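Structure file run02.pdb; described as PDB, C-alpha atoms, pLDDT in the B column.
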ATOM      1  CA  MET A  86      92.804 110.018 127.812  1.00 73.00           C
ATOM      2  CA  LEU A  87      96.506 109.526 128.332  1.00 73.00           C
ATOM      3  CA  GLY A  88      99.189 108.254 125.989  1.00 71.00           C
ATOM      4  CA  GLY A  89     101.480 105.329 126.643  1.00 64.00           C
ATOM      5  CA  GLY A  90      98.909 103.216 128.458  1.00 68.00           C
ATOM      6  CA  PHE A  91      97.271 100.378 126.635  1.00 72.00           C
ATOM      7  CA  PHE A  92      95.346  98.932 129.544  1.00 67.00           C
ATOM      8  CA  LEU A  93      92.566 101.514 129.478  1.00 70.00           C
ATOM      9  CA  ALA A  94      92.720 101.918 125.717  1.00 79.00           C
ATOM     10  CA  GLY A  95      89.359 101.277 124.123  1.00 86.00           C
ATOM     11  CA  ARG A  96      87.426 102.306 127.218  1.00 87.00           C
ATOM     12  CA  ALA A  97      86.371 105.655 125.723  1.00 92.00           C
ATOM     13  CA  SER A  98      85.245 104.017 122.476  1.00 95.00           C
ATOM     14  CA  GLY A  99      83.150 101.574 124.494  1.00 94.00           C
ATOM     15  CA  GLU A 100      81.431 104.500 126.161  1.00 94.00           C
ATOM     16  CA  VAL A 101      80.873 106.151 122.757  1.00 96.00           C
ATOM     17  CA  LYS A 102      79.333 102.925 121.468  1.00 96.00           C
ATOM     18  CA  ARG A 103      76.904 102.770 124.389  1.00 95.00           C
ATOM     19  CA  ARG A 104      75.908 106.430 124.010  1.00 95.00           C
ATOM     20  CA  LEU A 105      75.432 106.096 120.248  1.00 96.00           C
ATOM     21  CA  GLY A 106      73.059 103.235 120.958  1.00 93.00           C
ATOM     22  CA  GLU A 107      70.801 105.768 122.676  1.00 94.00           C
ATOM     23  CA  THR A 108      70.672 108.020 119.598  1.00 94.00           C
ATOM     24  CA  GLY A 109      68.670 107.400 116.458  1.00 89.00           C
ATOM     25  CA  LEU A 110      71.754 106.819 114.299  1.00 94.00           C
ATOM     26  CA  ALA A 111      71.547 103.977 111.786  1.00 94.00           C
ATOM     27  CA  ARG A 112      73.368 100.912 113.012  1.00 93.00           C
ATOM     28  CA  GLU A 113      75.996 100.777 110.252  1.00 94.00           C
ATOM     29  CA  LEU A 114      76.747 104.494 110.549  1.00 97.00           C
ATOM     30  CA  ALA A 115      77.145 104.119 114.324  1.00 96.00           C
ATOM     31  CA  ARG A 116      79.481 101.192 113.678  1.00 96.00           C
ATOM     32  CA  ARG A 117      81.651 103.317 111.369  1.00 97.00           C
ATOM     33  CA  VAL A 118      81.805 106.062 114.022  1.00 97.00           C
ATOM     34  CA  VAL A 119      82.828 103.540 116.703  1.00 97.00           C
ATOM     35  CA  ILE A 120      85.586 101.998 114.551  1.00 97.00           C
ATOM     36  CA  ALA A 121      87.008 105.426 113.666  1.00 97.00           C
ATOM     37  CA  THR A 122      86.787 106.549 117.298  1.00 97.00           C
ATOM     38  CA  TYR A 123      88.628 103.413 118.407  1.00 96.00           C
ATOM     39  CA  GLU A 124      91.442 104.011 115.937  1.00 96.00           C
ATOM     40  CA  ALA A 125      91.734 107.649 117.036  1.00 96.00           C
ATOM     41  CA  GLU A 126      91.796 106.571 120.675  1.00 95.00           C
ATOM     42  CA  MET A 127      94.469 103.962 119.984  1.00 94.00           C
ATOM     43  CA  ASN A 128      96.622 106.480 118.124  1.00 94.00           C
ATOM     44  CA  ILE A 129      96.489 108.783 121.147  1.00 94.00           C
ATOM     45  CA  CYS A 130      97.409 105.889 123.463  1.00 92.00           C
ATOM     46  CA  ILE A 131     100.265 104.754 121.215  1.00 92.00           C
ATOM     47  CA  HIS A 132     101.786 108.071 120.174  1.00 93.00           C
ATOM     48  CA  ALA A 133     100.619 111.028 122.267  1.00 94.00           C
ATOM     49  CA  ILE A 134     101.029 112.386 125.766  1.00 94.00           C
ATOM     50  CA  SER A 135      97.320 112.997 126.144  1.00 94.00           C
ATOM     51  CA  GLY A 136      94.308 113.767 124.027  1.00 95.00           C
ATOM     52  CA  ASP A 137      90.573 114.086 123.661  1.00 95.00           C
ATOM     53  CA  VAL A 138      88.063 112.580 121.285  1.00 95.00           C
ATOM     54  CA  CYS A 139      84.847 114.538 120.860  1.00 96.00           C
ATOM     55  CA  VAL A 140      81.888 112.823 119.208  1.00 96.00           C
ATOM     56  CA  SER A 141      78.803 114.823 118.286  1.00 97.00           C
ATOM     57  CA  VAL A 142      75.635 113.631 116.627  1.00 96.00           C
ATOM     58  CA  GLU A 143      73.632 115.980 114.414  1.00 95.00           C
ATOM     59  CA  GLY A 144      70.516 114.647 112.761  1.00 94.00           C
ATOM     60  CA  LYS A 145      71.371 111.475 110.856  1.00 94.00           C
ATOM     61  CA  GLY A 146      75.135 112.134 110.892  1.00 97.00           C
ATOM     62  CA  ALA A 147      78.019 112.538 113.295  1.00 98.00           C
ATOM     63  CA  THR A 148      81.333 114.346 113.692  1.00 98.00           C
ATOM     64  CA  VAL A 149      84.412 113.042 115.483  1.00 98.00           C
ATOM     65  CA  VAL A 150      87.271 115.367 116.416  1.00 98.00           C
ATOM     66  CA  ALA A 151      90.374 113.803 117.971  1.00 97.00           C
ATOM     67  CA  THR A 152      92.947 116.245 119.329  1.00 97.00           C
ATOM     68  CA  ASP A 153      96.162 115.287 121.028  1.00 97.00           C
ATOM     69  CA  ARG A 154      99.151 116.836 122.666  1.00 97.00           C
ATOM     70  CA  GLY A 155     102.083 114.853 121.411  1.00 96.00           C
ATOM     71  CA  PRO A 156     104.984 114.619 119.010  1.00 96.00           C
ATOM     72  CA  GLY A 157     102.975 115.554 115.911  1.00 97.00           C
ATOM     73  CA  ILE A 158     103.485 113.978 112.494  1.00 97.00           C
ATOM     74  CA  ALA A 159     106.444 115.217 110.432  1.00 96.00           C
ATOM     75  CA  ASP A 160     105.193 113.807 107.129  1.00 96.00           C
ATOM     76  CA  VAL A 161     101.407 113.467 107.112  1.00 96.00           C
ATOM     77  CA  GLU A 162     101.343 112.099 103.558  1.00 96.00           C
ATOM     78  CA  GLN A 163     103.678 109.273 104.582  1.00 97.00           C
ATOM     79  CA  ALA A 164     101.634 108.575 107.731  1.00 97.00           C
ATOM     80  CA  LEU A 165      98.581 108.048 105.546  1.00 96.00           C
ATOM     81  CA  VAL A 166     100.284 105.337 103.481  1.00 96.00           C
ATOM     82  CA  PRO A 167      98.724 101.992 104.519  1.00 95.00           C
ATOM     83  CA  GLY A 168     101.267  99.951 106.483  1.00 95.00           C
ATOM     84  CA  PHE A 169     103.441 102.897 107.509  1.00 96.00           C
ATOM     85  CA  SER A 170     103.844 103.188 111.267  1.00 95.00           C
ATOM     86  CA  THR A 171     106.207 104.689 113.829  1.00 94.00           C
ATOM     87  CA  ALA A 172     104.690 102.698 116.714  1.00 93.00           C
ATOM     88  CA  SER A 173     106.974 101.185 119.338  1.00 91.00           C
ATOM     89  CA  GLU A 174     108.036  97.552 119.335  1.00 92.00           C
ATOM     90  CA  LYS A 175     105.844  97.051 122.418  1.00 90.00           C
ATOM     91  CA  ALA A 176     102.789  98.402 120.606  1.00 91.00           C
ATOM     92  CA  ARG A 177     103.485  96.140 117.631  1.00 93.00           C
ATOM     93  CA  GLU A 178     103.806  93.047 119.817  1.00 91.00           C
ATOM     94  CA  LEU A 179     100.296  93.761 121.075  1.00 92.00           C
ATOM     95  CA  GLY A 180      98.985  93.845 117.516  1.00 93.00           C
ATOM     96  CA  PHE A 181      98.842  97.636 117.235  1.00 93.00           C
ATOM     97  CA  GLY A 182     100.993  99.806 114.996  1.00 91.00           C
ATOM     98  CA  ALA A 183     100.232  97.945 111.787  1.00 93.00           C
ATOM     99  CA  GLY A 184      99.853 101.212 109.903  1.00 95.00           C
ATOM    100  CA  MET A 185      96.153 100.600 109.363  1.00 95.00           C
ATOM    101  CA  GLY A 186      94.576 103.017 111.830  1.00 96.00           C
ATOM    102  CA  LEU A 187      94.410 106.143 109.670  1.00 97.00           C
ATOM    103  CA  THR A 188      93.372 103.986 106.701  1.00 96.00           C
ATOM    104  CA  ASN A 189      90.493 102.547 108.723  1.00 96.00           C
ATOM    105  CA  MET A 190      89.441 106.067 109.741  1.00 97.00           C
ATOM    106  CA  GLN A 191      89.474 107.267 106.134  1.00 97.00           C
ATOM    107  CA  ARG A 192      87.473 104.257 105.012  1.00 97.00           C
ATOM    108  CA  CYS A 193      84.838 104.713 107.724  1.00 97.00           C
ATOM    109  CA  ALA A 194      84.477 108.491 107.468  1.00 98.00           C
ATOM    110  CA  ASP A 195      82.819 110.463 104.674  1.00 98.00           C
ATOM    111  CA  SER A 196      85.222 113.352 105.124  1.00 98.00           C
ATOM    112  CA  PHE A 197      88.617 113.199 106.772  1.00 98.00           C
ATOM    113  CA  LYS A 198      90.966 116.048 107.685  1.00 98.00           C
ATOM    114  CA  ILE A 199      94.252 115.792 109.521  1.00 98.00           C
ATOM    115  CA  GLU A 200      96.399 118.664 110.776  1.00 97.00           C
ATOM    116  CA  SER A 201      99.602 118.231 112.673  1.00 98.00           C
ATOM    117  CA  GLU A 202     102.350 120.348 114.132  1.00 97.00           C
ATOM    118  CA  VAL A 203     105.622 118.679 115.072  1.00 97.00           C
ATOM    119  CA  GLY A 204     106.329 118.988 118.784  1.00 97.00           C
ATOM    120  CA  CYS A 205     102.806 120.147 119.473  1.00 97.00           C
ATOM    121  CA  GLY A 206     100.135 117.655 118.450  1.00 97.00           C
ATOM    122  CA  THR A 207      97.683 116.345 115.895  1.00 98.00           C
ATOM    123  CA  THR A 208      94.017 116.922 115.159  1.00 98.00           C
ATOM    124  CA  VAL A 209      91.867 114.581 113.096  1.00 98.00           C
ATOM    125  CA  GLN A 210      88.402 115.683 112.080  1.00 98.00           C
ATOM    126  CA  MET A 211      85.959 113.207 110.554  1.00 98.00           C
ATOM    127  CA  GLU A 212      82.405 113.526 109.399  1.00 98.00           C
ATOM    128  CA  PHE A 213      79.953 110.672 108.992  1.00 98.00           C
ATOM    129  CA  ARG A 214      76.909 110.901 106.789  1.00 97.00           C
ATOM    130  CA  PRO A 215      74.350 108.244 105.842  1.00 95.00           C
ATOM    131  CA  ARG A 216      75.475 105.997 102.959  1.00 94.00           C
ATOM    132  CA  PRO A 217      73.221 103.959 100.699  1.00 90.00           C
ATOM    133  CA  THR A 218      75.003 100.871 102.056  1.00 84.00           C
ATOM    134  CA  ASP A 219      74.197 101.751 105.694  1.00 80.00           C
ATOM    135  CA  SER A 220      71.448  99.771 107.313  1.00 61.00           C
ATOM    136  CA  GLU A 221      68.450 101.876 108.309  1.00 49.00           C
ATOM    137  CA  GLU A 222      68.061  99.727 111.396  1.00 47.00           C
ATOM    138  CA  LYS A 223      68.502 101.461 114.740  1.00 45.00           C
ATOM    139  CA  PRO A 224      71.379 100.306 116.929  1.00 45.00           C
ATOM    140  CA  GLY A 225      70.396  97.291 119.020  1.00 41.00           C
TER     141      GLY A 225
ATOM    142  CA  MET B 123      75.892  77.664 113.593  1.00 96.00           C
ATOM    143  CA  THR B 124      75.875  78.927 117.177  1.00 97.00           C
ATOM    144  CA  VAL B 125      78.916  79.613 119.323  1.00 98.00           C
ATOM    145  CA  ALA B 126      77.967  76.625 121.505  1.00 98.00           C
ATOM    146  CA  GLU B 127      77.825  74.314 118.470  1.00 98.00           C
ATOM    147  CA  ALA B 128      81.235  75.521 117.278  1.00 98.00           C
ATOM    148  CA  ALA B 129      82.666  75.076 120.774  1.00 98.00           C
ATOM    149  CA  GLY B 130      81.320  71.524 120.895  1.00 98.00           C
ATOM    150  CA  ALA B 131      82.514  70.578 117.395  1.00 98.00           C
ATOM    151  CA  LEU B 132      86.015  71.960 117.902  1.00 98.00           C
ATOM    152  CA  GLY B 133      86.425  71.041 121.575  1.00 98.00           C
ATOM    153  CA  LEU B 134      86.888  74.672 122.593  1.00 98.00           C
ATOM    154  CA  GLU B 135      87.194  75.527 126.255  1.00 98.00           C
ATOM    155  CA  VAL B 136      84.761  78.329 127.130  1.00 98.00           C
ATOM    156  CA  LEU B 137      86.551  80.712 129.499  1.00 98.00           C
ATOM    157  CA  THR B 138      84.111  83.647 129.684  1.00 98.00           C
ATOM    158  CA  GLY B 139      80.756  84.825 128.354  1.00 96.00           C
ATOM    159  CA  GLN B 140      78.817  81.580 128.819  1.00 95.00           C
ATOM    160  CA  PRO B 141      75.451  83.409 128.519  1.00 95.00           C
ATOM    161  CA  ASN B 142      76.287  84.321 124.901  1.00 95.00           C
ATOM    162  CA  LEU B 143      76.816  80.798 123.613  1.00 97.00           C
ATOM    163  CA  GLY B 144      73.485  80.856 121.786  1.00 97.00           C
ATOM    164  CA  LYS B 145      74.664  83.615 119.427  1.00 97.00           C
ATOM    165  CA  THR B 146      74.766  82.746 115.756  1.00 97.00           C
ATOM    166  CA  ILE B 147      78.165  82.887 114.039  1.00 98.00           C
ATOM    167  CA  THR B 148      77.975  85.064 110.912  1.00 97.00           C
ATOM    168  CA  GLY B 149      81.520  84.353 109.693  1.00 98.00           C
ATOM    169  CA  ALA B 150      85.082  84.467 110.987  1.00 98.00           C
ATOM    170  CA  CYS B 151      88.236  86.530 110.943  1.00 98.00           C
ATOM    171  CA  VAL B 152      91.800  85.349 111.610  1.00 98.00           C
ATOM    172  CA  SER B 153      94.374  87.995 112.523  1.00 97.00           C
ATOM    173  CA  ASP B 154      96.660  89.193 115.295  1.00 97.00           C
ATOM    174  CA  LEU B 155      96.559  92.800 114.087  1.00 96.00           C
ATOM    175  CA  LEU B 156      93.826  94.643 115.967  1.00 96.00           C
ATOM    176  CA  SER B 157      93.283  97.289 113.306  1.00 95.00           C
ATOM    177  CA  TYR B 158      92.887  94.609 110.656  1.00 96.00           C
ATOM    178  CA  VAL B 159      90.104  93.058 112.712  1.00 97.00           C
ATOM    179  CA  MET B 160      88.550  96.485 113.345  1.00 96.00           C
ATOM    180  CA  GLY B 161      88.542  97.117 109.620  1.00 95.00           C
ATOM    181  CA  SER B 162      87.306  93.772 108.376  1.00 95.00           C
ATOM    182  CA  ALA B 163      85.349  91.776 110.970  1.00 97.00           C
ATOM    183  CA  LYS B 164      81.561  91.920 110.843  1.00 96.00           C
ATOM    184  CA  ALA B 165      79.095  91.801 113.726  1.00 96.00           C
ATOM    185  CA  GLY B 166      78.578  88.223 114.864  1.00 97.00           C
ATOM    186  CA  ASN B 167      81.946  87.029 113.533  1.00 98.00           C
ATOM    187  CA  LEU B 168      84.238  84.666 115.397  1.00 98.00           C
ATOM    188  CA  TRP B 169      87.742  86.116 115.805  1.00 98.00           C
ATOM    189  CA  ILE B 170      90.647  83.676 115.921  1.00 98.00           C
ATOM    190  CA  THR B 171      93.881  85.095 117.348  1.00 98.00           C
ATOM    191  CA  ILE B 172      96.914  84.353 119.492  1.00 97.00           C
ATOM    192  CA  GLN B 173      96.760  87.781 121.170  1.00 97.00           C
ATOM    193  CA  VAL B 174      95.996  87.363 124.885  1.00 97.00           C
ATOM    194  CA  HIS B 175      96.141  90.917 126.297  1.00 95.00           C
ATOM    195  CA  PRO B 176      93.112  92.852 127.627  1.00 94.00           C
ATOM    196  CA  ASN B 177      92.692  94.993 124.507  1.00 94.00           C
ATOM    197  CA  VAL B 178      91.258  92.075 122.536  1.00 96.00           C
ATOM    198  CA  VAL B 179      88.138  92.409 124.683  1.00 96.00           C
ATOM    199  CA  GLY B 180      87.551  95.978 123.515  1.00 95.00           C
ATOM    200  CA  VAL B 181      87.672  94.863 119.891  1.00 96.00           C
ATOM    201  CA  GLY B 182      85.215  92.043 120.593  1.00 97.00           C
ATOM    202  CA  GLU B 183      82.864  94.378 122.417  1.00 96.00           C
ATOM    203  CA  LEU B 184      83.001  97.285 119.957  1.00 96.00           C
ATOM    204  CA  LEU B 185      82.403  95.050 116.941  1.00 97.00           C
ATOM    205  CA  ASP B 186      79.735  92.868 118.582  1.00 97.00           C
ATOM    206  CA  LEU B 187      81.743  89.762 117.743  1.00 98.00           C
ATOM    207  CA  ALA B 188      80.119  86.424 118.563  1.00 98.00           C
ATOM    208  CA  ALA B 189      83.248  85.205 120.355  1.00 98.00           C
ATOM    209  CA  ILE B 190      87.035  85.337 120.446  1.00 98.00           C
ATOM    210  CA  VAL B 191      88.962  82.092 120.026  1.00 98.00           C
ATOM    211  CA  VAL B 192      92.456  82.173 121.480  1.00 98.00           C
ATOM    212  CA  ALA B 193      94.381  79.571 119.517  1.00 98.00           C
ATOM    213  CA  ASP B 194      97.531  77.519 119.921  1.00 97.00           C
ATOM    214  CA  GLY B 195      96.941  76.727 123.595  1.00 97.00           C
ATOM    215  CA  GLN B 196      97.661  80.324 124.612  1.00 96.00           C
ATOM    216  CA  ASP B 197      96.279  81.387 127.984  1.00 97.00           C
ATOM    217  CA  PRO B 198      94.597  84.807 128.095  1.00 97.00           C
ATOM    218  CA  GLU B 199      95.992  87.131 130.759  1.00 97.00           C
ATOM    219  CA  THR B 200      94.003  87.338 134.011  1.00 97.00           C
ATOM    220  CA  ALA B 201      93.129  90.980 133.239  1.00 95.00           C
ATOM    221  CA  THR B 202      91.807  89.881 129.856  1.00 96.00           C
ATOM    222  CA  LEU B 203      89.437  87.368 131.418  1.00 98.00           C
ATOM    223  CA  GLU B 204      88.278  89.875 134.043  1.00 97.00           C
ATOM    224  CA  ASN B 205      87.691  92.488 131.359  1.00 95.00           C
ATOM    225  CA  ALA B 206      85.774  89.965 129.247  1.00 97.00           C
ATOM    226  CA  ARG B 207      83.522  88.927 132.159  1.00 97.00           C
ATOM    227  CA  GLN B 208      82.808  92.569 132.939  1.00 95.00           C
ATOM    228  CA  HIS B 209      81.804  93.343 129.356  1.00 94.00           C
ATOM    229  CA  GLY B 210      80.060  90.066 128.562  1.00 96.00           C
ATOM    230  CA  VAL B 211      82.541  89.067 125.848  1.00 97.00           C
ATOM    231  CA  THR B 212      82.947  85.346 125.113  1.00 98.00           C
ATOM    232  CA  ILE B 213      86.504  84.015 125.058  1.00 98.00           C
ATOM    233  CA  MET B 214      87.233  80.409 124.165  1.00 98.00           C
ATOM    234  CA  LYS B 215      90.522  78.569 124.044  1.00 98.00           C
ATOM    235  CA  SER B 216      91.781  76.021 121.546  1.00 98.00           C
ATOM    236  CA  ARG B 217      94.859  73.810 121.619  1.00 98.00           C
ATOM    237  CA  ASP B 218      94.893  73.866 117.817  1.00 98.00           C
ATOM    238  CA  THR B 219      96.754  76.482 115.793  1.00 98.00           C
ATOM    239  CA  ALA B 220      94.818  79.402 114.287  1.00 98.00           C
ATOM    240  CA  PHE B 221      95.194  77.713 110.893  1.00 98.00           C
ATOM    241  CA  VAL B 222      93.602  74.481 112.098  1.00 98.00           C
ATOM    242  CA  VAL B 223      90.780  76.268 113.970  1.00 98.00           C
ATOM    243  CA  ALA B 224      89.962  78.286 110.852  1.00 98.00           C
ATOM    244  CA  GLY B 225      90.118  75.202 108.622  1.00 98.00           C
ATOM    245  CA  ARG B 226      87.833  73.181 110.837  1.00 98.00           C
ATOM    246  CA  LEU B 227      85.312  76.037 111.070  1.00 97.00           C
ATOM    247  CA  TYR B 228      85.375  76.459 107.307  1.00 97.00           C
ATOM    248  CA  ALA B 229      84.776  72.747 106.847  1.00 97.00           C
ATOM    249  CA  LEU B 230      81.761  73.075 109.148  1.00 96.00           C
ATOM    250  CA  GLY B 231      80.277  75.696 106.860  1.00 95.00           C
ATOM    251  CA  VAL B 232      81.432  78.946 108.487  1.00 96.00           C
ATOM    252  CA  THR B 233      82.541  81.265 105.661  1.00 90.00           C
TER     253      THR B 233
END
Encoded form (C-alpha cells):
Amino acid sequence: MLGGGFFLAGRASGEVKRRLGETGLARELARRVVIATYEAEMNICIHAISGDVCVSVEGKGATVVATDRGPGIADVEQALVPGFSTASEKARELGFGAGMGLTNMQRCADSFKIESEVGCGTTVQMEFRPRPTDSEEKPG
Amino acid sequence: MTVAEAAGALGLEVLTGQPNLGKTITGACVSDLLSYVMGSAKAGNLWITIQVHPNVVGVGELLDLAAIVVADGQDPETATLENARQHGVTIMKSRDTAFVVAGRLYALGVT
C-alpha cells in the first residue's frame, strides 16, 4: 500500500476481514485483528511512503506485522501517548490523526512491539491470543 | 429496533444499502473521529457523523455497523455512495444535527 492516499485506505483491511472470515478464528478475536490492521493501514497511508501489513493466523491466534518505509518516529514514547499526532491538517479534517491509532492497536493486541528508525521507517508487531471475553462464535 | 424503523421514526433519507434495512440496531455511536469509532463502536451500531468522504464506508464495513447516519443535511460525496453500494453499507441522511439525531434515537430506546 502507498502513503498519502486516503481513497484506497481501508481496502486492505477489508480484504483481511473477508479472509479471516474463512478461518476458524473466534469472532471477537477476528474483530480485534481487523481493527488493529485498519489502524496500521491508516498510519501507513497518513505518514509513510509505502508499507506492507502481513497478517498470519496460527491455531486460535494471529500475528500482524506492519512495516513501512517512511519518516520513522523520533520519539516513540510520545507517539504512544493517546491524543498525540503529527498527522497533516488534511488528514485531521477527514477525521484521522486523532492520536488514537496506536492506542487502539495496543488495546486490541495481546502483545505490541514498535520499532522505528528516523528517515527509514517503522515496524509494528502485534500478537492476538484468545481472551476470556472473546466470543467463541465463528465469524459470520 | 430495526434500521427501517429508525429511518421511519426520524424521517431519514435512505441513500444506499436498502437491502440491510431489516438489521437490528444494537446501539449507537456519535463521532467524527474515525479511530474513536473504530475503538468504541460495536457490531450492529448506528454511527452518526458529519464526515462524508469515502473512508466512512470502510469503517462501517469493517465494524459490521447497522448503518451510517450523515447528519446536519450533509451530502455524502459521490465516491462515498458508490463505495457504499459496492460494499453493501447503508448510508442515511438527516437534516437534523448529530445531537438531535442521537437524542431522538435515545428517546426511542436506543442506548
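Residues in contact with Leu137 (chain B) at 8 Å, where only C-alpha atoms are counted and same-chain residues fewer than 5 positions away are skipped, are listed as Leu203, Thr212, Ile213, Met214 and Lys215 of chain B.
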Discussion item. Distance limit 10 Å, atoms considered: only C-alpha atoms. Which chain B residues sit that close to chain A? Return them as a ChimeraX atom specification.
Written reply: /B:153-158,160-162,164-165,172-181,183-186,201-202,209
Discussion item. For a cutoff of 10 Å around the file-coordinate point (82.2, 79.8, 128.6), which residues qualify once you count all atoms listed in the file? I'd like the result as number ranges by chain.
Written reply: B: 125-126, 129, 134-143, 189, 207, 211-215
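Among A:Asn128, A:Gln210, A:Thr218, A:Gln191, the residue with the shortest atom-to-atom distance to Val140 (chain A), counting only C-alpha atoms, is A:Gln210.
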Worksheet item: Could you pull the residues within 6 Å of Val232 (chain B), counting all atoms listed in the file, minus those fewer than 4 positions along the same chain, as a ChimeraX atom specification?
Response: /B:149,227-228
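Those residues that approach Ala220 (chain B) to within 6 Å, counting all atoms listed in the file, are Ala193, Val222 and Val223 of chain B; same-chain residues fewer than 2 positions away are not listed.
Atom pair CA of Cys130 (chain A) / CA of Pro215 (chain A) has a distance of 29.1 Å (rounded to one decimal).
By chain and then residue number, the residues within 7 Å of Phe213 (chain A) are Gly146, Ala147, Thr148, Ala194, Asp195, Met211 and Pro215 of chain A, counting all atoms listed in the file and disregarding those fewer than 2 positions away in sequence.
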Export, as a PDB file, keeping the file's coordinate frame, the selected residues with C-alpha atoms.
ATOM      1  CA  GLY A 146      75.135 112.134 110.892  1.00 97.00           C
ATOM      2  CA  ALA A 147      78.019 112.538 113.295  1.00 98.00           C
ATOM      3  CA  THR A 148      81.333 114.346 113.692  1.00 98.00           C
ATOM      4  CA  ALA A 194      84.477 108.491 107.468  1.00 98.00           C
ATOM      5  CA  ASP A 195      82.819 110.463 104.674  1.00 98.00           C
ATOM      6  CA  MET A 211      85.959 113.207 110.554  1.00 98.00           C
ATOM      7  CA  PRO A 215      74.350 108.244 105.842  1.00 95.00           C
TER       8      PRO A 215
END
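The closest residue to Ala150 (chain B), picked from B:Met123, B:Trp169, B:Leu132, B:Thr200 and counting all atoms listed in the file, is B:Trp169.
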Item to complete: Name the residues captured by the PyMOL selection byres ((chain A and resi 164) around 12) when it is applied to the shown file; answer as a list in words.
Response: Asn128, Gly157, Ile158, Ala159, Asp160, Val161, Glu162, Gln163, Leu165, Val166, Pro167, Gly168, Phe169, Ser170, Thr171, Ala172, Gly182, Ala183, Gly184, Met185, Gly186, Leu187, Thr188, Ile199, Glu200, Ser201 and Thr207 of chain A
Mind working out the centre and edge lengths of an axis-aligned box for region 191-194 of chain B, all listed atoms inside, 5 Å added to each side, rounded to one decimal in Å and written as lines of an AutoDock Vina configuration file?
center_x = 93.2
center_y = 79.8
center_z = 120.5
size_x = 18.6
size_y = 14.7
size_z = 12.0
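One distance worth recording is that between CA of Ser173 (chain A) and CA of Ile131 (chain A), which is 7.8 Å.
The space separating CA of Lys198 (chain A) from CA of Val150 (chain A) comes to 9.5 Å.
Those residues that approach Leu105 (chain A) to within 9 Å, counting only C-alpha atoms, are Glu100, Leu110, Ala115, Val118, Val119, Val142 and Pro224 of chain A; same-chain residues fewer than 5 positions away are not listed.
Using only C-alpha atoms, the shortest contact distance between Ala151 (chain A) and any of A:Asp219, A:Glu113, A:Glu212, A:Glu107 is found at A:Glu212.
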Item to complete: I would like the residues chosen by the PyMOL selection byres ((chain B and resi 166) around 7) on the shown file; could you give them as a list in words?
Response: Thr146, Ile147, Thr148, Lys164, Ala165, Asn167, Leu168, Asp186, Leu187 and Ala188 of chain B
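The closest residue to Ile134 (chain A), picked from A:Cys205, A:Arg104, A:Val149, A:Arg216 and counting all atoms listed in the file, is A:Cys205.
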